[in-house]
>>> print(open('run33.cif').read())   # mmCIF, C-alpha atoms
data_data
loop_
_atom_site.label_atom_id
_atom_site.label_comp_id
_atom_site.auth_asym_id
_atom_site.auth_seq_id
_atom_site.Cartn_x
_atom_site.Cartn_y
_atom_site.Cartn_z
CA MET A 60 3.76 -78.60 109.62
CA PHE A 61 5.01 -80.91 106.91
CA LEU A 62 7.73 -83.48 106.75
CA VAL A 63 9.45 -85.02 103.78
CA VAL A 64 10.09 -88.73 104.22
CA GLY A 65 12.49 -90.15 101.66
CA ASP A 66 12.35 -88.80 98.11
CA LYS A 67 9.53 -86.25 97.88
CA ASP A 68 8.83 -87.23 94.28
CA VAL A 69 7.95 -90.74 95.43
CA THR A 70 6.37 -90.24 98.86
CA GLY A 71 5.14 -86.65 98.79
CA PHE A 72 4.48 -84.63 101.92
CA GLU A 73 3.00 -86.16 105.02
CA SER A 74 1.35 -84.17 107.74
CA ILE A 75 2.28 -85.03 111.31
CA ALA A 76 -1.28 -84.27 112.39
CA GLY A 77 -2.52 -86.37 109.47
CA LYS A 78 -0.70 -89.34 110.98
CA GLY A 79 -2.53 -88.82 114.27
CA PHE A 80 0.21 -87.02 116.17
CA ASP A 81 -0.10 -83.83 118.15
CA PRO A 82 2.06 -81.29 116.28
CA LEU A 83 3.54 -80.17 119.60
CA SER A 84 5.01 -83.66 120.03
CA TYR A 85 7.29 -82.75 117.11
CA ARG A 86 8.49 -79.74 119.12
CA VAL A 87 9.17 -82.04 122.07
CA MET A 88 11.10 -84.40 119.80
CA LEU A 89 13.28 -81.51 118.60
CA MET A 90 13.85 -80.34 122.19
CA GLU A 91 14.88 -83.86 123.22
CA HIS A 92 17.93 -83.56 120.97
CA HIS A 93 20.69 -81.01 121.32
CA TYR A 94 20.71 -78.53 118.48
CA THR A 95 24.40 -79.22 117.73
CA ALA A 96 23.80 -82.93 117.07
CA GLN A 97 22.24 -84.33 113.94
CA MET A 98 18.88 -85.94 114.48
CA ASP A 99 17.32 -88.57 112.29
CA PHE A 100 13.55 -88.41 112.24
CA THR A 101 11.61 -91.62 112.82
CA TRP A 102 7.96 -92.15 113.56
CA THR A 103 9.03 -94.17 116.61
CA LYS A 104 10.91 -91.17 118.03
CA LEU A 105 7.85 -89.02 117.42
CA LYS A 106 5.65 -91.58 119.18
CA ILE A 107 7.98 -91.54 122.21
CA SER A 108 7.94 -87.73 122.24
CA GLN A 109 4.15 -87.73 122.05
CA ALA A 110 4.03 -90.06 125.06
CA ARG A 111 6.33 -87.69 126.96
CA LEU A 112 4.12 -84.73 126.03
CA TYR A 113 1.01 -86.66 127.10
CA ASN A 114 2.59 -87.53 130.46
CA LEU A 115 3.66 -83.92 131.07
CA ARG A 116 0.17 -82.70 130.25
CA LYS A 117 -1.40 -85.35 132.49
CA GLU A 118 0.75 -84.34 135.47
CA CYS A 119 0.18 -80.62 134.82
CA SER A 120 -3.55 -81.27 134.56
CA LYS A 121 -3.53 -82.92 138.00
CA ILE A 122 -1.65 -79.95 139.43
CA LEU A 123 -3.94 -77.41 137.80
CA SER A 124 -7.08 -79.26 138.90
CA PHE A 125 -5.82 -79.41 142.49
CA ALA A 126 -5.00 -75.69 142.37
CA ARG A 127 -8.45 -74.79 141.07
CA VAL A 128 -10.36 -77.01 143.49
CA ASN A 129 -8.35 -75.56 146.39
CA SER A 130 -8.51 -71.98 145.04
CA ILE A 131 -4.73 -71.70 144.78
CA ILE A 132 -3.87 -68.67 142.69
CA VAL A 133 -0.56 -67.97 140.99
CA ASP A 134 0.02 -64.62 142.66
CA LYS A 135 3.29 -65.60 144.27
CA PRO A 136 6.60 -64.99 142.49
CA ILE A 137 8.41 -67.94 141.02
CA ASN A 138 10.77 -69.86 143.30
CA GLU A 139 14.10 -68.21 142.42
CA ASN A 140 16.17 -71.32 143.23
CA GLN A 141 14.05 -73.43 140.87
CA LYS A 142 14.23 -70.74 138.21
CA GLN A 143 18.02 -70.52 138.52
CA VAL A 144 18.51 -74.30 138.27
CA LEU A 145 16.58 -74.51 135.02
CA LEU A 146 17.98 -71.26 133.65
CA GLU A 147 21.56 -72.47 134.16
CA ILE A 148 20.76 -75.56 132.09
CA LEU A 149 19.52 -73.38 129.23
CA LEU A 150 22.49 -71.03 129.54
CA ASP A 151 24.80 -74.03 129.22
CA ASN A 152 24.72 -74.10 125.41
CA LEU A 153 20.91 -74.32 125.32
CA ASP A 154 20.83 -77.87 126.67
CA THR A 155 17.14 -78.50 126.00
CA PRO A 156 17.31 -82.29 126.51
CA LYS A 157 18.62 -81.80 130.04
CA PHE A 158 16.11 -78.98 130.62
CA LEU A 159 13.19 -81.20 129.61
CA GLY A 160 14.42 -83.92 131.96
CA LYS A 161 14.76 -81.56 134.93
CA PHE A 162 11.45 -79.85 134.18
CA GLY A 163 9.71 -83.22 133.90
CA ASP A 164 11.20 -84.31 137.22
CA PHE A 165 10.07 -81.06 138.83
CA VAL A 166 6.50 -81.45 137.54
CA LYS A 167 6.42 -85.07 138.72
CA ASP A 168 7.70 -84.03 142.18
CA VAL A 169 5.00 -81.37 142.48
CA SER A 170 2.35 -83.87 141.39
CA ASN A 171 3.64 -86.46 143.89
CA GLU A 172 3.55 -83.84 146.65
CA ILE A 173 -0.13 -83.30 145.89
CA ALA A 174 -0.80 -87.05 145.88
CA THR A 175 1.04 -87.78 149.12
CA LYS A 176 0.61 -84.60 151.19
CA SER A 177 -2.41 -82.95 149.56
CA THR A 178 -0.51 -79.66 149.40
CA LEU A 179 0.68 -77.40 146.61
CA ASN A 180 3.19 -74.61 147.01
CA PRO A 181 1.93 -71.69 144.87
CA LYS A 182 5.55 -70.89 143.96
CA ASN A 183 5.86 -74.32 142.32
CA LEU A 184 2.75 -73.68 140.27
CA ALA A 185 4.18 -70.26 139.37
CA ALA A 186 7.41 -71.95 138.22
CA ILE A 187 5.55 -74.38 135.97
CA LYS A 188 3.49 -71.53 134.53
CA PHE A 189 6.60 -69.38 134.01
CA TRP A 190 8.53 -72.03 132.06
CA GLU A 191 5.45 -73.00 130.04
CA ASP A 192 4.70 -69.38 129.11
CA GLU A 193 8.28 -68.23 128.52
CA PHE A 194 9.96 -71.23 126.93
CA LEU A 195 8.14 -74.50 126.37
CA LYS A 196 4.82 -73.43 124.81
CA LEU A 197 3.51 -77.01 124.93
CA ASP A 198 -0.03 -76.20 126.03
CA LEU A 199 0.61 -77.79 129.43
CA LEU A 200 -1.70 -75.42 131.32
CA PRO A 201 -4.70 -74.87 129.08
CA ASN A 202 -7.20 -72.17 129.95
CA PHE A 203 -10.45 -73.88 130.73
CA ASP A 204 -13.69 -72.17 129.85
CA SER A 205 -15.39 -70.92 133.02
CA GLU A 206 -18.53 -72.90 132.11
CA ILE A 207 -16.48 -76.10 132.08
CA LEU A 208 -15.04 -75.22 135.48
CA VAL A 209 -18.51 -74.67 136.92
CA ILE A 210 -19.68 -78.04 135.59
CA ALA A 211 -16.56 -79.76 136.97
CA GLU A 212 -17.09 -78.20 140.39
CA GLN A 213 -20.78 -79.18 140.37
CA ARG A 214 -19.78 -82.72 139.48
CA SER A 215 -17.27 -82.97 142.32
CA ILE A 216 -19.82 -81.55 144.79
CA ALA A 217 -22.44 -84.05 143.58
CA LYS A 218 -19.90 -86.84 143.96
CA ILE A 219 -19.17 -85.81 147.55
CA LYS A 220 -22.90 -85.58 148.32
CA GLY A 221 -23.39 -89.04 146.82
CA ILE A 222 -20.68 -90.50 149.03
CA THR A 223 -22.16 -88.76 152.09
CA LYS A 224 -25.62 -90.11 151.24
CA LYS A 225 -24.24 -93.67 150.91
CA LEU A 226 -22.51 -93.35 154.28
CA THR A 227 -25.74 -92.08 155.86
CA ASN A 228 -27.66 -95.03 154.39
CA LEU A 229 -25.06 -97.45 155.78
CA GLU A 230 -25.31 -95.88 159.23
CA THR A 231 -29.13 -96.13 159.27
CA LYS A 232 -28.97 -99.82 158.30
CA SER A 233 -26.66 -100.57 161.23
#
>>> encode(input="run33.cif", output="structure tokens")
Amino acid sequence: MFLVVGDKDVTGFESIAGKGFDPLSYRVMLMEHHYTAQMDFTWTKLKISQARLYNLRKECSKILSFARVNSIIVDKPINENQKQVLLEILLDNLDTPKFLGKFGDFVKDVSNEIATKSTLNPKNLAAIKFWEDEFLKLDLLPNFDSEILVIAEQRSIAKIKGITKKLTNLETKS
């Protein structure tokens, strides 16, 4: 993906990735502006979009990790009410800025539900997966290699055993 900044004879082409940005942050930046309005590119806008992408990925990573640790599988159909709310936004003249806002709020709500109640509705995970697969394509739910998952699970088990061992040592000292 290339971008011309100023007169191409003077500045040449600059790669977004070459400047240290995730190329998908450019997609987010475009989605943050309605297609009927002119958008002026700035590196600051791209930086803000990259932060938004990072935050979405961070929240989705928390959700996905919780789902995997608790063996929650996306075998349930998507929540139709949630699907309809977001679909209506897109059907309203493809309002991607509003869609991104609502989707971000939804992801944050699901993540907060995990943090406060330690629960995850499989339909909410299905909704996130649906919109990621069908529309966003922002690599929010990466497929982890099974070897990495095994190592992560072993690490969490070792951590729990370490905490249990420390508690046992404290009890024997008392």
>>> closest_atom_pairs(input="run33.cif", of="segment 150-195 of chain A", to="segment 112-115 of chain A", cutoff="9 Å", atoms="only C-alpha atoms", output="JSON lines")
{"residue": "A:Gly163", "atom": "CA", "partner": "A:Leu115", "partner_atom": "CA", "distance": 6.7}
{"residue": "A:Val166", "atom": "CA", "partner": "A:Leu115", "partner_atom": "CA", "distance": 7.5}
{"residue": "A:Lys167", "atom": "CA", "partner": "A:Leu115", "partner_atom": "CA", "distance": 8.2}
>>> closest_residue(input="run33.cif", among="A:Lys220, A:Leu197, A:Leu184, A:Phe189", to="Ile132 of chain A", atoms="all atoms listed in the file")
A:Leu184
>>> resolve_selection(input="run33.cif", expression="the PyMOL selection byres ((chain A and resi 187) around 9)", output="PyMOL selection string")
chain A and resi 119+137+162+165-166+182-186+188-192+199-200
>>> resolve_selection(input="run33.cif", expression="the PyMOL selection byres ((chain A and resi 74-89) around 9)", output="list in words")
Met60, Phe61, Leu62, Phe72, Glu73, Met90, Glu91, His92, His93, Tyr94, Met98, Phe100, Lys104, Leu105, Lys106, Ile107, Ser108, Gln109, Ala110, Arg111, Leu112, Tyr113, Thr155, Pro156, Leu159, Leu195, Lys196, Leu197 and Asp198 of chain A
>>> write_last_selection(input="run33.cif", atoms="C-alpha atoms", output="PDB file, keeping the file's coordinate frame")
ATOM      1  CA  MET A  60       3.760 -78.600 109.620  1.00  0.00           C
ATOM      2  CA  PHE A  61       5.010 -80.910 106.910  1.00  0.00           C
ATOM      3  CA  LEU A  62       7.730 -83.480 106.750  1.00  0.00           C
ATOM      4  CA  PHE A  72       4.480 -84.630 101.920  1.00  0.00           C
ATOM      5  CA  GLU A  73       3.000 -86.160 105.020  1.00  0.00           C
ATOM      6  CA  MET A  90      13.850 -80.340 122.190  1.00  0.00           C
ATOM      7  CA  GLU A  91      14.880 -83.860 123.220  1.00  0.00           C
ATOM      8  CA  HIS A  92      17.930 -83.560 120.970  1.00  0.00           C
ATOM      9  CA  HIS A  93      20.690 -81.010 121.320  1.00  0.00           C
ATOM     10  CA  TYR A  94      20.710 -78.530 118.480  1.00  0.00           C
ATOM     11  CA  MET A  98      18.880 -85.940 114.480  1.00  0.00           C
ATOM     12  CA  PHE A 100      13.550 -88.410 112.240  1.00  0.00           C
ATOM     13  CA  LYS A 104      10.910 -91.170 118.030  1.00  0.00           C
ATOM     14  CA  LEU A 105       7.850 -89.020 117.420  1.00  0.00           C
ATOM     15  CA  LYS A 106       5.650 -91.580 119.180  1.00  0.00           C
ATOM     16  CA  ILE A 107       7.980 -91.540 122.210  1.00  0.00           C
ATOM     17  CA  SER A 108       7.940 -87.730 122.240  1.00  0.00           C
ATOM     18  CA  GLN A 109       4.150 -87.730 122.050  1.00  0.00           C
ATOM     19  CA  ALA A 110       4.030 -90.060 125.060  1.00  0.00           C
ATOM     20  CA  ARG A 111       6.330 -87.690 126.960  1.00  0.00           C
ATOM     21  CA  LEU A 112       4.120 -84.730 126.030  1.00  0.00           C
ATOM     22  CA  TYR A 113       1.010 -86.660 127.100  1.00  0.00           C
ATOM     23  CA  THR A 155      17.140 -78.500 126.000  1.00  0.00           C
ATOM     24  CA  PRO A 156      17.310 -82.290 126.510  1.00  0.00           C
ATOM     25  CA  LEU A 159      13.190 -81.200 129.610  1.00  0.00           C
ATOM     26  CA  LEU A 195       8.140 -74.500 126.370  1.00  0.00           C
ATOM     27  CA  LYS A 196       4.820 -73.430 124.810  1.00  0.00           C
ATOM     28  CA  LEU A 197       3.510 -77.010 124.930  1.00  0.00           C
ATOM     29  CA  ASP A 198      -0.030 -76.200 126.030  1.00  0.00           C
TER      30      ASP A 198
END
>>> closest_residue(input="run33.cif", among="A:Lys121, A:Arg116, A:Lys135, A:Lys157", to="Ser170 of chain A", atoms="only C-alpha atoms")
A:Lys121
>>> atom_distance(input="run33.cif", atom1="atom CA of Pro136 of chain A", atom2="atom CA of Asp151 of chain A")
24.3 Å
>>> atom_distance(input="run33.cif", atom1="atom CA of Ala96 of chain A", atom2="atom CA of Leu149 of chain A")
16.0 Å
